[in-house]
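Asker: Input structure: data-v3.cif, which contains mmCIF, C-alpha atoms.
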data_entry
loop_
_atom_site.label_atom_id
_atom_site.label_comp_id
_atom_site.auth_asym_id
_atom_site.auth_seq_id
_atom_site.Cartn_x
_atom_site.Cartn_y
_atom_site.Cartn_z
CA MET A 1 97.80 93.19 -43.22
CA LYS A 2 98.41 89.46 -43.02
CA ILE A 3 99.26 89.65 -39.30
CA LEU A 4 96.24 91.86 -38.59
CA VAL A 5 93.96 89.39 -40.38
CA ALA A 6 95.46 86.47 -38.43
CA LEU A 7 94.91 88.24 -35.10
CA SER A 8 91.37 89.22 -36.07
CA ARG A 9 90.67 85.67 -37.19
CA ILE A 10 91.71 84.24 -33.80
CA PHE A 11 89.89 86.95 -31.81
CA VAL A 12 86.61 86.67 -33.71
CA GLY A 13 86.68 82.87 -33.95
CA VAL A 14 87.37 82.31 -30.26
CA LEU A 15 84.80 84.90 -29.15
CA PHE A 16 82.08 83.42 -31.36
CA ILE A 17 82.80 79.91 -30.06
CA ILE A 18 82.74 81.03 -26.40
CA SER A 19 79.60 83.15 -26.83
CA GLY A 20 77.85 80.43 -28.82
CA PHE A 21 78.83 77.62 -26.47
CA ILE A 22 77.54 79.50 -23.41
CA LYS A 23 74.16 79.99 -25.11
CA LEU A 24 74.22 76.43 -26.48
CA ASN A 25 74.66 75.25 -22.88
CA ASP A 26 71.24 76.80 -22.19
CA PRO A 27 69.27 77.17 -25.45
CA LEU A 28 65.97 77.30 -23.54
CA GLY A 29 67.21 80.38 -21.66
CA PHE A 30 68.24 82.03 -24.92
CA SER A 31 64.82 81.24 -26.39
CA TYR A 32 63.20 83.13 -23.49
CA LYS A 33 65.39 86.10 -24.39
CA LEU A 34 64.33 85.83 -28.05
CA GLU A 35 60.68 85.79 -26.96
CA GLU A 36 61.39 89.06 -25.17
CA TYR A 37 62.77 90.53 -28.40
CA PHE A 38 59.82 89.20 -30.42
CA SER A 39 57.21 90.63 -28.02
CA ALA A 40 54.85 93.49 -28.90
CA ASP A 41 56.77 95.91 -26.67
CA VAL A 42 60.06 95.37 -28.55
CA LEU A 43 60.11 94.25 -32.21
CA ASN A 44 56.41 93.38 -32.39
CA ILE A 45 56.88 90.13 -34.32
CA GLU A 46 54.90 87.92 -31.99
CA PHE A 47 54.18 85.35 -34.71
CA LEU A 48 57.77 84.12 -34.20
CA ILE A 49 57.34 83.42 -30.47
CA PRO A 50 56.15 79.79 -30.97
CA TYR A 51 59.35 79.15 -32.97
CA ALA A 52 61.71 80.84 -30.49
CA LEU A 53 63.29 77.60 -29.26
CA GLY A 54 64.00 76.31 -32.77
CA ILE A 55 65.45 79.67 -33.79
CA SER A 56 67.50 79.73 -30.58
CA VAL A 57 69.12 76.36 -31.32
CA LEU A 58 69.84 77.22 -34.97
CA VAL A 59 71.36 80.62 -34.12
CA VAL A 60 73.70 79.35 -31.38
CA VAL A 61 74.76 76.27 -33.37
CA PHE A 62 75.46 78.56 -36.33
CA GLU A 63 77.46 80.86 -34.04
CA VAL A 64 79.69 78.06 -32.72
CA VAL A 65 80.14 76.48 -36.15
CA LEU A 66 81.12 79.77 -37.81
CA GLY A 67 83.74 80.34 -35.08
CA VAL A 68 85.22 76.89 -35.77
CA PHE A 69 85.01 77.41 -39.56
CA LEU A 70 86.95 80.66 -39.24
CA LEU A 71 89.71 79.17 -37.09
CA ILE A 72 90.29 76.14 -39.35
CA GLY A 73 89.82 78.14 -42.56
CA TYR A 74 86.86 76.18 -43.93
CA LYS A 75 85.15 77.97 -46.87
CA PRO A 76 86.58 81.40 -45.91
CA LYS A 77 84.36 83.49 -48.17
CA LEU A 78 81.09 81.92 -46.99
CA THR A 79 82.24 82.00 -43.37
CA VAL A 80 83.34 85.65 -43.31
CA TRP A 81 80.25 86.97 -45.08
CA SER A 82 78.02 84.89 -42.79
CA LEU A 83 79.85 86.35 -39.80
CA LEU A 84 79.32 89.85 -41.19
CA ALA A 85 75.59 89.23 -41.70
CA MET A 86 75.23 87.83 -38.17
CA ILE A 87 77.11 90.67 -36.47
CA VAL A 88 75.16 93.32 -38.39
CA PHE A 89 71.94 91.69 -37.20
CA PHE A 90 73.17 91.47 -33.58
CA THR A 91 74.42 95.08 -33.71
CA PHE A 92 70.97 96.24 -34.82
CA LEU A 93 69.30 94.29 -31.98
CA THR A 94 71.63 95.60 -29.28
CA PHE A 95 71.39 99.19 -30.53
CA TYR A 96 67.60 98.98 -30.67
CA SER A 97 67.31 97.56 -27.16
CA ALA A 98 69.84 100.09 -25.80
CA TYR A 99 68.49 103.21 -27.51
CA PHE A 100 64.84 102.47 -26.77
CA ASP A 101 65.62 100.84 -23.39
CA LYS A 102 63.61 97.77 -24.33
CA VAL A 103 65.69 94.77 -23.20
CA LYS A 104 67.89 95.11 -20.12
CA ASP A 105 70.22 92.23 -20.99
CA CYS A 106 70.90 91.08 -24.54
CA GLY A 107 71.70 87.50 -23.52
CA CYS A 108 74.94 87.51 -25.55
CA PHE A 109 76.72 85.43 -22.92
CA GLY A 110 73.65 83.88 -21.31
CA ASP A 111 73.66 83.95 -17.51
CA ALA A 112 77.46 83.64 -17.38
CA LEU A 113 78.12 87.34 -18.00
CA LYS A 114 75.50 90.07 -17.76
CA LEU A 115 76.03 93.04 -20.07
CA THR A 116 74.01 96.24 -20.20
CA PRO A 117 72.47 97.05 -23.60
CA TRP A 118 75.09 99.72 -24.30
CA GLU A 119 77.92 97.39 -23.26
CA SER A 120 76.50 94.77 -25.63
CA PHE A 121 76.29 97.31 -28.45
CA THR A 122 79.90 98.38 -27.82
CA LYS A 123 80.99 94.75 -27.91
CA ASP A 124 79.24 94.24 -31.26
CA ILE A 125 80.81 97.38 -32.74
CA ILE A 126 84.26 96.07 -31.78
CA LEU A 127 83.46 92.70 -33.33
CA LEU A 128 82.12 94.42 -36.45
CA PHE A 129 85.44 96.26 -36.77
CA PHE A 130 87.47 93.03 -36.66
CA ILE A 131 85.10 91.20 -39.03
CA LEU A 132 85.45 94.05 -41.55
CA ILE A 133 89.21 93.48 -41.37
CA LEU A 134 88.53 89.86 -42.30
CA VAL A 135 86.29 90.96 -45.18
CA PHE A 136 88.97 93.19 -46.66
CA GLY A 137 91.72 90.64 -45.94
CA LEU A 138 89.79 87.63 -47.14
CA LYS A 139 92.62 86.50 -49.43
CA HIS A 140 94.89 86.00 -46.41
CA ILE A 141 92.56 83.43 -44.76
CA LYS A 142 93.87 79.99 -45.69
CA PRO A 143 92.88 76.53 -44.37
CA VAL A 144 95.04 75.30 -41.50
CA PHE A 145 94.88 71.69 -42.66
CA SER A 146 94.47 69.89 -45.95
CA LYS A 147 91.03 69.59 -47.54
CA LEU A 148 89.89 66.25 -46.01
CA PRO A 149 90.80 66.97 -42.34
CA THR A 150 89.31 70.49 -42.66
CA THR A 151 86.04 69.09 -44.02
CA ILE A 152 85.91 66.42 -41.29
CA LEU A 153 86.52 69.03 -38.53
CA ALA A 154 83.86 71.31 -40.01
CA LEU A 155 81.31 68.46 -40.11
CA LEU A 156 82.23 67.34 -36.58
CA SER A 157 81.75 70.86 -35.19
CA PHE A 158 78.24 70.92 -36.65
CA VAL A 159 77.27 67.43 -35.41
CA VAL A 160 78.74 67.93 -31.92
CA SER A 161 77.03 71.31 -31.54
CA LEU A 162 73.65 69.87 -32.53
CA TRP A 163 74.12 66.90 -30.19
CA PHE A 164 75.13 69.12 -27.26
CA GLY A 165 72.13 71.41 -27.80
CA TYR A 166 69.78 68.42 -27.86
CA HIS A 167 71.44 66.90 -24.78
CA VAL A 168 70.97 69.95 -22.54
CA LEU A 169 67.37 70.36 -23.70
CA MET A 170 66.59 66.77 -22.71
CA HIS A 171 68.38 67.12 -19.37
CA LEU A 172 69.65 70.37 -17.82
CA PRO A 173 72.46 72.83 -18.68
CA THR A 174 75.83 71.15 -18.15
CA ILE A 175 77.10 74.29 -16.40
CA ASP A 176 74.54 76.15 -14.29
CA PHE A 177 75.33 79.89 -14.14
CA ARG A 178 72.12 80.87 -12.35
CA ALA A 179 71.48 81.78 -8.71
CA TYR A 180 69.53 78.52 -8.19
CA LYS A 181 72.39 76.15 -8.95
CA ILE A 182 73.16 73.22 -6.66
CA GLY A 183 74.92 74.45 -3.52
CA ASN A 184 73.40 77.95 -3.54
CA ASN A 185 71.06 79.16 -0.80
CA ILE A 186 67.95 80.82 -2.23
CA TYR A 187 67.12 82.84 0.89
CA GLU A 188 70.65 84.27 1.09
CA GLY A 189 70.39 85.18 -2.58
CA MET A 190 67.37 87.38 -1.81
CA ILE A 191 69.12 89.51 0.82
CA ILE A 192 70.28 93.04 -0.02
CA PRO A 193 73.44 93.94 1.97
CA GLU A 194 73.26 97.07 4.10
CA ASP A 195 76.17 98.63 2.20
CA ALA A 196 74.72 97.76 -1.23
CA PRO A 197 74.83 100.61 -3.78
CA LYS A 198 71.66 102.67 -3.91
CA ALA A 199 70.09 103.97 -7.10
CA ILE A 200 71.25 107.43 -8.14
CA GLN A 201 68.83 109.47 -10.22
CA GLU A 202 69.12 112.87 -11.82
CA TYR A 203 66.02 115.06 -11.98
CA THR A 204 65.74 117.76 -14.62
CA TRP A 205 63.03 120.26 -13.64
CA THR A 206 61.57 122.69 -16.15
CA PHE A 207 60.11 126.00 -15.00
CA ASN A 208 58.66 128.97 -16.81
CA ILE A 209 60.47 131.97 -15.40
CA ASN A 210 59.48 135.38 -16.77
CA GLY A 211 58.17 133.80 -20.00
CA GLU A 212 61.29 131.71 -20.57
CA GLU A 213 61.65 127.98 -19.86
CA LYS A 214 64.66 127.09 -17.73
CA GLU A 215 65.97 123.70 -16.59
CA ILE A 216 67.27 122.99 -13.10
CA VAL A 217 69.03 119.69 -12.25
CA THR A 218 68.79 118.18 -8.75
CA ASP A 219 69.16 114.79 -7.07
CA GLY A 220 65.42 114.65 -6.47
CA SER A 221 64.66 117.55 -4.17
CA TYR A 222 62.13 120.08 -5.43
CA PRO A 223 64.02 123.26 -6.38
CA THR A 224 63.18 126.57 -4.80
CA VAL A 225 62.32 128.61 -7.87
CA ASP A 226 60.15 131.66 -8.40
CA GLY A 227 58.42 130.42 -11.53
CA GLU A 228 55.71 128.21 -12.97
CA TYR A 229 56.34 124.47 -12.90
CA VAL A 230 56.29 122.90 -16.39
CA GLY A 231 57.54 119.34 -15.96
CA VAL A 232 60.30 117.01 -14.78
CA GLU A 233 62.37 114.25 -16.37
CA THR A 234 64.37 111.62 -14.53
CA LYS A 235 67.53 109.86 -15.59
CA VAL A 236 69.12 106.88 -13.85
CA ILE A 237 72.80 107.58 -13.28
CA ARG A 238 73.45 104.36 -11.42
CA GLU A 239 71.17 101.37 -10.95
CA ALA A 240 70.53 100.10 -7.44
CA TYR A 241 72.07 96.79 -6.37
CA GLN A 242 69.92 93.85 -7.34
CA PRO A 243 70.24 90.58 -5.40
CA PRO A 244 70.89 87.41 -7.42
CA VAL A 245 67.43 86.03 -6.58
CA LEU A 246 64.54 88.23 -7.75
CA ASP A 247 60.76 87.73 -7.65
CA PHE A 248 61.02 84.31 -6.01
CA SER A 249 58.20 83.60 -3.58
CA ILE A 250 56.07 80.77 -2.23
CA GLU A 251 52.54 82.09 -1.71
CA THR A 252 48.89 81.23 -1.42
CA ASP A 253 46.21 83.68 -2.54
CA ASP A 254 46.39 85.46 0.81
CA GLU A 255 49.63 84.44 2.50
CA ASP A 256 53.38 84.62 1.87
CA LEU A 257 55.07 81.40 3.00
CA THR A 258 58.48 82.02 1.43
CA GLU A 259 60.39 82.28 4.69
CA HIS A 260 58.55 79.31 6.17
CA PHE A 261 59.42 76.93 3.33
CA LEU A 262 62.96 78.24 2.87
CA SER A 263 63.66 77.26 6.47
CA GLU A 264 62.21 73.79 5.88
CA LYS A 265 64.51 70.74 5.96
CA ASN A 266 64.20 67.94 3.40
CA LEU A 267 61.84 69.80 1.07
CA ILE A 268 61.04 68.48 -2.41
CA VAL A 269 59.82 71.21 -4.77
CA ILE A 270 58.08 70.38 -8.03
CA VAL A 271 58.45 73.34 -10.40
CA SER A 272 56.12 73.99 -13.33
CA TYR A 273 56.10 77.57 -14.55
CA SER A 274 52.88 76.74 -16.44
CA LEU A 275 50.72 73.74 -15.64
CA GLU A 276 48.89 74.36 -18.91
CA LYS A 277 52.17 73.64 -20.73
CA ILE A 278 53.48 70.87 -18.48
CA GLU A 279 55.06 67.94 -20.33
CA LYS A 280 52.58 65.07 -20.09
CA GLU A 281 55.30 62.43 -19.85
CA GLY A 282 56.97 64.39 -17.06
CA ALA A 283 53.71 64.84 -15.16
CA LEU A 284 53.07 61.09 -15.32
CA LYS A 285 56.41 60.46 -13.58
CA LEU A 286 55.62 62.76 -10.64
CA LYS A 287 53.21 60.42 -8.82
CA ALA A 288 55.70 57.63 -8.04
CA THR A 289 58.51 60.03 -7.11
CA THR A 290 56.46 62.31 -4.85
CA ASP A 291 54.79 59.35 -3.13
CA GLU A 292 58.21 57.86 -2.42
CA ALA A 293 59.46 61.21 -1.12
CA ILE A 294 56.50 61.59 1.26
CA LYS A 295 56.88 57.98 2.43
CA ASN A 296 60.58 58.60 3.17
CA GLY A 297 59.87 61.66 5.32
CA TYR A 298 60.17 64.54 2.85
CA LYS A 299 57.79 67.49 2.60
CA VAL A 300 56.57 67.90 -1.01
CA ILE A 301 55.14 71.08 -2.52
CA GLY A 302 54.61 72.42 -6.05
CA LEU A 303 55.41 75.86 -7.44
CA THR A 304 53.60 77.33 -10.43
CA ALA A 305 52.24 80.55 -11.87
CA SER A 306 49.00 78.85 -12.92
CA GLY A 307 45.60 79.42 -11.33
CA ASN A 308 43.71 77.31 -8.77
CA ASP A 309 41.44 75.61 -11.32
CA VAL A 310 44.42 74.29 -13.27
CA LYS A 311 46.18 73.15 -10.08
CA GLN A 312 43.16 71.12 -9.04
CA ARG A 313 42.70 69.68 -12.54
CA ILE A 314 46.36 68.58 -12.75
CA ASN A 315 46.29 66.95 -9.30
CA GLU A 316 43.14 65.05 -10.22
CA ALA A 317 44.38 64.05 -13.68
CA TYR A 318 47.71 62.69 -12.40
CA ASN A 319 46.55 61.66 -8.89
CA LEU A 320 49.09 63.95 -7.18
CA ASP A 321 49.05 64.30 -3.40
CA PHE A 322 50.68 67.66 -2.69
CA ASN A 323 49.72 71.33 -2.74
CA TRP A 324 50.73 73.86 -5.38
CA TYR A 325 51.83 77.36 -4.37
CA LEU A 326 52.20 80.54 -6.41
CA CYS A 327 55.43 81.97 -7.77
CA ASP A 328 56.32 84.37 -10.59
CA GLU A 329 56.51 82.62 -13.98
CA LYS A 330 59.78 84.28 -15.01
CA ALA A 331 61.39 83.30 -11.71
CA LEU A 332 60.32 79.67 -12.14
CA LYS A 333 61.74 79.58 -15.67
CA THR A 334 65.04 80.65 -14.11
CA VAL A 335 64.92 78.13 -11.26
CA VAL A 336 64.99 75.08 -13.55
CA ARG A 337 64.95 74.67 -17.33
CA SER A 338 62.35 71.92 -17.30
CA ASN A 339 58.57 71.73 -17.06
CA PRO A 340 58.28 69.99 -14.68
CA GLY A 341 61.58 70.18 -12.84
CA ILE A 342 62.40 68.80 -9.39
CA LEU A 343 64.51 70.31 -6.61
CA GLU A 344 65.51 69.23 -3.13
CA LEU A 345 65.95 72.12 -0.69
CA ASP A 346 67.47 71.95 2.76
CA ALA A 347 66.86 75.18 4.73
CA GLY A 348 66.84 77.04 1.40
CA THR A 349 69.99 75.40 0.00
CA VAL A 350 69.64 73.57 -3.31
CA LYS A 351 70.81 70.01 -2.75
CA GLN A 352 69.52 68.34 -5.93
CA LYS A 353 68.00 69.56 -9.17
CA VAL A 354 66.87 67.36 -12.04
CA HIS A 355 65.01 67.48 -15.33
CA TRP A 356 61.90 65.30 -15.43
CA ASN A 357 63.77 63.02 -17.84
CA ASP A 358 66.23 62.34 -15.01
CA ILE A 359 63.68 62.01 -12.20
CA ASP A 360 64.94 58.48 -11.47
CA ASP A 361 68.34 59.99 -10.57
CA LEU A 362 66.76 61.86 -7.64
CA GLU A 363 68.14 60.38 -4.41
CA LEU A 364 65.51 60.04 -1.67
CA PRO A 365 66.99 58.22 1.32
CA LYS A 366 64.74 57.98 4.37
CA VAL A 367 64.91 60.99 6.69
CA GLU A 368 63.52 61.56 10.16
CA ARG A 369 60.82 64.18 10.04
CA LYS A 370 59.84 66.18 13.09
CA PRO A 371 56.11 66.72 13.67
CA GLU A 372 55.01 70.02 12.17
CA PRO A 373 54.17 72.61 14.82
CA LYS A 374 50.71 74.10 14.82
CA LYS A 375 50.66 77.24 12.81
CA ALA A 376 50.27 80.40 14.87
CA LYS A 377 47.52 82.76 13.91
CA GLY A 378 48.80 85.65 11.81
CA ILE A 379 49.22 89.05 13.40
CA ILE A 380 48.41 91.91 11.06
CA ALA A 381 49.46 95.51 11.72
CA TYR A 382 47.12 98.26 10.50
CA PHE A 383 48.08 101.84 9.69
CA ILE A 384 46.02 104.82 8.54
CA ASN A 385 48.16 107.60 7.01
CA ASP A 386 51.24 106.04 8.68
CA GLU A 387 49.55 106.15 12.10
CA PRO A 388 48.96 102.86 14.04
CA SER A 389 45.36 101.71 13.87
CA THR A 390 43.18 98.60 14.25
CA LYS A 391 41.32 96.26 11.93
CA GLU A 392 38.00 97.59 13.23
CA GLN A 393 38.95 101.20 12.54
CA VAL A 394 40.11 100.37 9.02
CA GLU A 395 36.94 98.40 8.23
CA ALA A 396 34.82 101.28 9.60
CA LEU A 397 36.32 103.79 7.14
CA ASP A 398 34.13 105.30 4.44
CA THR A 399 35.54 103.76 1.24
CA THR A 400 35.04 107.05 -0.62
CA LEU A 401 37.69 108.60 1.64
CA ILE A 402 40.34 105.99 0.82
CA GLU A 403 43.07 106.88 -1.69
CA SER A 404 44.85 103.50 -1.61
CA VAL A 405 45.31 100.30 0.40
CA ASN A 406 48.62 98.45 0.44
CA ALA A 407 48.83 94.94 1.94
CA ASN A 408 52.46 93.97 2.49
CA LYS A 409 53.20 90.27 3.11
CA ASN A 410 56.70 90.12 1.62
CA ALA A 411 58.75 87.87 3.92
CA ILE A 412 62.01 89.80 3.53
CA ALA A 413 60.41 93.21 4.11
CA LEU A 414 58.44 91.93 7.10
CA LYS A 415 61.52 90.40 8.67
CA GLU A 416 63.38 93.70 8.36
CA TYR A 417 60.41 95.61 9.82
CA ASN A 418 59.97 93.18 12.73
CA THR A 419 63.68 93.25 13.53
CA GLU A 420 63.75 97.03 13.52
CA ASN A 421 60.58 97.42 15.62
CA ASN A 422 60.85 94.30 17.79
CA THR A 423 57.50 93.00 16.51
CA VAL A 424 56.16 89.70 15.11
CA TYR A 425 53.79 90.87 12.39
CA THR A 426 52.95 88.46 9.57
CA GLY A 427 51.44 91.22 7.43
CA ILE A 428 51.03 94.99 7.27
CA VAL A 429 48.02 96.84 5.89
CA GLU A 430 48.59 100.52 5.09
CA VAL A 431 45.63 102.78 4.27
CA ILE A 432 46.17 106.20 2.70
CA LEU A 433 43.27 108.64 2.87
CA LYS A 434 42.46 111.21 0.24
CA ASN A 435 43.48 114.80 0.93
CA GLU A 436 40.49 116.88 1.93
#
How does this structure look as C-alpha cells?
Answerer:
Amino acid sequence: MKILVALSRIFVGVLFIISGFIKLNDPLGFSYKLEEYFSADVLNIEFLIPYALGISVLVVVFEVVLGVFLLIGYKPKLTVWSLLAMIVFFTFLTFYSAYFDKVKDCGCFGDALKLTPWESFTKDIILLFFILILVFGLKHIKPVFSKLPTTILALLSFVVSLWFGYHVLMHLPTIDFRAYKIGNNIYEGMIIPEDAPKAIQEYTWTFNINGEEKEIVTDGSYPTVDGEYVGVETKVIREAYQPPVLDFSIETDDEDLTEHFLSEKNLIVIVSYSLEKIEKEGALKLKATTDEAIKNGYKVIGLTASGNDVKQRINEAYNLDFNWYLCDEKALKTVVRSNPGILELDAGTVKQKVHWNDIDDLELPKVERKPEPKKAKGIIAYFINDEPSTKEQVEALDTTLIESVNANKNAIALKEYNTENNTVYTGIVEVILKNE
C-alpha cells in the first residue's frame, strides 16, 4: 500500500502542477472557458460571469499549490481532501459537458492539449481513482523535509503562482500555444488540406412498416423502404478536420478583405475584441504608436467585433487615424490576450505581438512602402437555382418566389472556386427559388 500511495502521490502531484501551470500561463483564456460553462446554455449561472477572471486565477493557483503541497507532504489531510473536492467538481463538469454535448473542450490543459469532453471525463475518472488511493492511504503521506523548509516551500509555491498569474495578465502568456503565435502564418492556418479527414455521420431512419416502427442505418443516403417515414437522427462518428485558424476575417459591412490584408507587407494590426470594453490606458497609448508606424511606412488597421458607431466614437475620443474592420469576437480573443493588443504581420506571418502594457517594446524601424494600387472593381457572379445569371435578372425576380439568397464573400472559398473555374470573382450571389 505504501508503494501504491507513493506512486499515486507523484502521479497526481505532477499532473496537477502541469495542468495548473498551463492554465496559469493563460488565466484569461481559462476565464473565457469558465464563462462558457457559466452561460445560460450550460450551467445557467450567468451571475458568475463578471467574476470569471478572478475565479480562474484562484482555481489555477489552487491547482498548482495543491500539487506542490502533495509532493512535499505539506498538511497531507487538508491537501488530499482538497484534491478530492476539486476532482469531484471537475469530474461533474466534464461529465455534464460530455453527456449533454455542451462544451467541446474542457480547457483542462488550455490550448496546449485539446481533449474532447469524453477524453476529459476519462482523465478525471483516472485521477479520481488515484486520489481515492491517497485518501485511504493518508497515513503513508509524510513530509519530505522538516517542518520549516516544508512551510517555506509551501508559502513560496503560493507566492510564485500568484506572481506568475499577475505577470501574464499584465503582459502576455509566457508560452503561446495558439495558432496566432509569433512565427505562424495566419493564412496558412486557415487552409484545409485536400487529404484532410472528412466528417463521418451515421443516419438512423425510422419508418412505419406494416404498423411497426423499424430503424434503418445509412451513411446519409435515403433508404429505399416501402413504408411511412417517421423521422431521422444523426450521429457524428468522426469530426471533420478543423484548421488551426477558425472564424478569422477582416471585413467591412459589405466586403471581405481577409486575403488582401493577409498578403500585405509591414501591417500593424490593433486588436480590440470589444471597443466598449477597451482598456482606457491602453487606448491612450495607441495614438503615438500608430502615428509612428504610419510615419515609418507601415499600414495600420484595427480589428474589432464592435459596431460602426463605437468605432467612430473611439477614433474621435482618442484621435486615432486608422480604420477598424470587423472580425469575430471569439477569434479576436484568441489572437491576443489583451484589449487592446498589437500585432505586426508580414504577408500573414506574425512578426511581433505585444500587450498594450508593452507597446513601447514594439519595434518600428522605417520601411519602404510601395504605392497602393488602385482597387479593381469587384466582379460578382450571380446564380439562380445553380444556373448562371446576371444582376439584372436577379433584381427583376418577384421576391415572393425567392426561397433564399446566399451572398458568399469568404476569401478562402472564393479562391478555391476561382482556381477551379479559372475566374476572378470577388463575390458570389446564389438565389434559390421556391418549388412551385
Asker: Written as number ranges by chain, which residues does the PyMOL selection byres ((chain A and resi 248-250) around 6) give for the file shown?
Answerer: A: 246-247, 251, 257-258, 325-327, 331
Asker: For Val336 in chain A, please output as a compact mmCIF listing (two decimals) with C-alpha atoms, in the coordinates of the input all residues within 9 Å (counting all atoms listed in the file; exclusion window: fewer than 3 positions along the same chain).
Answerer:
# COMPACT_ATOMS: atom_id res chain seq x y z
CA LEU A 172 69.65 70.37 -17.82
CA TYR A 180 69.53 78.52 -8.19
CA LYS A 181 72.39 76.15 -8.95
CA VAL A 271 58.45 73.34 -10.40
CA SER A 272 56.12 73.99 -13.33
CA LEU A 332 60.32 79.67 -12.14
CA LYS A 333 61.74 79.58 -15.67
CA ASN A 339 58.57 71.73 -17.06
CA PRO A 340 58.28 69.99 -14.68
CA GLY A 341 61.58 70.18 -12.84
CA ILE A 342 62.40 68.80 -9.39
CA LEU A 343 64.51 70.31 -6.61
CA LYS A 353 68.00 69.56 -9.17
CA VAL A 354 66.87 67.36 -12.04
CA HIS A 355 65.01 67.48 -15.33
Asker: If we count all atoms listed in the file, what is near Ile87 in chain A at a cut-off of 8 Å, once residues fewer than 6 positions away on the same chain are taken out, given as a list in words?
Answerer: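 These residues fall inside the cut-off: Asp124, Leu127 and Leu128 of chain A.
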Asker: Which residues are close to Ser221 in chain A, i.e. within 12 Å by all atoms listed in the file, leaving aside same-chain residues fewer than 2 positions away? Reply as a PyMOL selection string.
Answerer: chain A and resi 201-205+216-219+223-225+232+234
Asker: Can you list, as a PDB file with C-alpha atoms, in the coordinates of the input, every protein, DNA or RNA residue that comes within 12 Å of Phe47 in chain A when you count all atoms listed in the file, leaving out same-chain residues fewer than 4 positions away?
Answerer:
ATOM      1  CA  GLU A  35      60.680  85.790 -26.960  1.00  0.00           C
ATOM      2  CA  TYR A  37      62.770  90.530 -28.400  1.00  0.00           C
ATOM      3  CA  PHE A  38      59.820  89.200 -30.420  1.00  0.00           C
ATOM      4  CA  SER A  39      57.210  90.630 -28.020  1.00  0.00           C
ATOM      5  CA  ALA A  40      54.850  93.490 -28.900  1.00  0.00           C
ATOM      6  CA  LEU A  43      60.110  94.250 -32.210  1.00  0.00           C
ATOM      7  CA  TYR A  51      59.350  79.150 -32.970  1.00  0.00           C
ATOM      8  CA  ALA A  52      61.710  80.840 -30.490  1.00  0.00           C
TER       9      ALA A  52
END
Asker: Please evaluate the PyMOL selection byres ((chain A and resi 157-163) around 9) against the structure above and give the resulting residues as a list in words.
Answerer: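 The output of the PyMOL selection byres ((chain A and resi 157-163) around 9) on this file is Phe21, Leu24, Val57, Leu58, Val60, Val61, Phe62, Val64, Val65, Val68, Phe69, Ile152, Leu153, Ala154, Leu155, Leu156, Phe164, Gly165, Tyr166, His167 and Val168 of chain A.
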Asker: Which is closer to Thr174 in chain A than all the others in A:Gly302, A:Pro143, A:Pro365, A:Pro27, using all atoms listed in the file?
Answerer: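 Residue with the minimum atom-to-atom distance to Thr174 in chain A: A:Pro27.
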Asker: From the list A:Leu284, A:Ala179, A:Ile45, A:Ile22, which residue is nearest Pro243 in chain A when using all atoms listed in the file?
Answerer: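 Ranked by minimum distance to Pro243 in chain A, first place goes to A:Ala179.
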Asker: Go ahead and compute the interatomic distance for CA of Glu239 in chain A and CA of Lys198 in chain A, in Å to one decimal.
Answerer: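 Distance reported for this atom pair: 7.2 Å.
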Asker: Extract, using all atoms listed in the file, all DNA, RNA and protein residues at most 9 Å from Leu169 in chain A, discarding same-chain residues fewer than 5 positions from it, and format them as a list in words.
Answerer: Asn25, Asp26, Pro27, Leu28, Phe164, Arg337 and Ser338 of chain A
Asker: Using only C-alpha atoms, please write the residues we just selected to a file, as a PDB file, in the coordinates of the input.
Answerer:
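Output file result-v1.pdb follows:
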ATOM      1  CA  ASN A  25      74.660  75.250 -22.880  1.00  0.00           C
ATOM      2  CA  ASP A  26      71.240  76.800 -22.190  1.00  0.00           C
ATOM      3  CA  PRO A  27      69.270  77.170 -25.450  1.00  0.00           C
ATOM      4  CA  LEU A  28      65.970  77.300 -23.540  1.00  0.00           C
ATOM      5  CA  PHE A 164      75.130  69.120 -27.260  1.00  0.00           C
ATOM      6  CA  ARG A 337      64.950  74.670 -17.330  1.00  0.00           C
ATOM      7  CA  SER A 338      62.350  71.920 -17.300  1.00  0.00           C
TER       8      SER A 338
END
Asker: Using the chain letters and numbering of this document, enumerate as an MDAnalysis selection string the residues selected by the PyMOL selection byres ((chain A and resi 323) around 12).
Answerer: chainID A and resid 250:252 268:271 290 299:304 308 311:312 314:316 319:322 324:326
Asker: What is the distance, in Å and to one decimal place, between CA of Asp254 in chain A and CA of Ile402 in chain A?
Answerer: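 Here the two named atoms are 21.4 Å from each other.
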Asker: Counting all atoms listed in the file, which of A:Ala293, A:Glu255, A:Tyr298, A:Thr419 gets nearest to Ile380 in chain A?
Answerer: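 Once distances to Ile380 in chain A are computed over all atoms listed in the file, the minimum belongs to A:Glu255.
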Asker: Please compute the CA of Arg369 in chain A-CA of Gly297 in chain A distance, one decimal, in Å.
Answerer: 5.4 Å
Asker: Closest to Val80 in chain A among A:Leu53, A:Ala98, A:Ile126, A:Leu132, using all atoms listed in the file?
Answerer: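 Counting all atoms listed in the file, the residue closest to Val80 in chain A is A:Leu132.
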Asker: Restricting the calculation to all atoms listed in the file: of A:Leu148, A:Ile72, A:Val12, A:Val335, which residue gets closest to Asp176 in chain A?
Answerer: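 The closest residue to Asp176 in chain A is A:Val335.
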